[in-house]
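Undergrad: Handing you a structure now.
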Amino acid sequence: MRVITREEIVEIVTETARRAGLTFEEFMAEGEADLLTDAECRGEWLLYKDALLQR
């Protein structure tokens, strides 16, 4: 089993957000506000939000 780091998660979602026309900051804000409409962004938000919200 490989553990994925928060930094790797940030890289993954940053690339997904970029493809959807969002910055990482916009991705985070829209995720927290439950406003993500892009399916891939929403899926990654649901998958990784706990790790992303740990600051």
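How things are named: the first chain in the structure tokens is A, the next is B, and so on; residues count from 1 in each chain; ligands count from 1 in the order shown.
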Pick out the residues sitting within 8 Å of A:Thr16, and hand them over as a VMD selection string; count only C-alpha atoms, and ignore anything fewer than 4 positions along from it in its own chain.

TA: chain A and resid 12 20 40 to 41

Undergrad: Neighbours of A:Phe27 within 9 Å (only C-alpha atoms; same-chain residues fewer than 4 positions away dropped), as a PyMOL selection string?

TA: chain A and resi 13-14+17+22-23+31-32+36+41+45

Undergrad: Looking only at helix (DSSP H, G or I) from DSSP on the backbone, list the matching residues of chain A as a ChimeraX atom specification.

TA: /A:6-19,24-32,39-53

Undergrad: Please compute the atom CA of A:Thr5-atom CA of A:Glu26 distance, one decimal, in Å.

TA: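 It comes out at 21.1 Å.
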
Undergrad: Set the distance at 12 Å and use only C-alpha atoms: which residues neighbour A:Lys49 once local chain neighbours fewer than 2 positions away are removed? I'd like the list as a list of chain:residue names.

TA: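 Listed by chain and then number, they are A:Arg6, A:Ile9, A:Val10, A:Val13, A:Phe27, A:Met28, A:Ala29, A:Glu30, A:Gly31, A:Glu32, A:Asp34, A:Cys41, A:Arg42, A:Gly43, A:Glu44, A:Trp45, A:Leu46, A:Leu47, A:Ala51, A:Leu52, A:Leu53, A:Gln54, A:Arg55.
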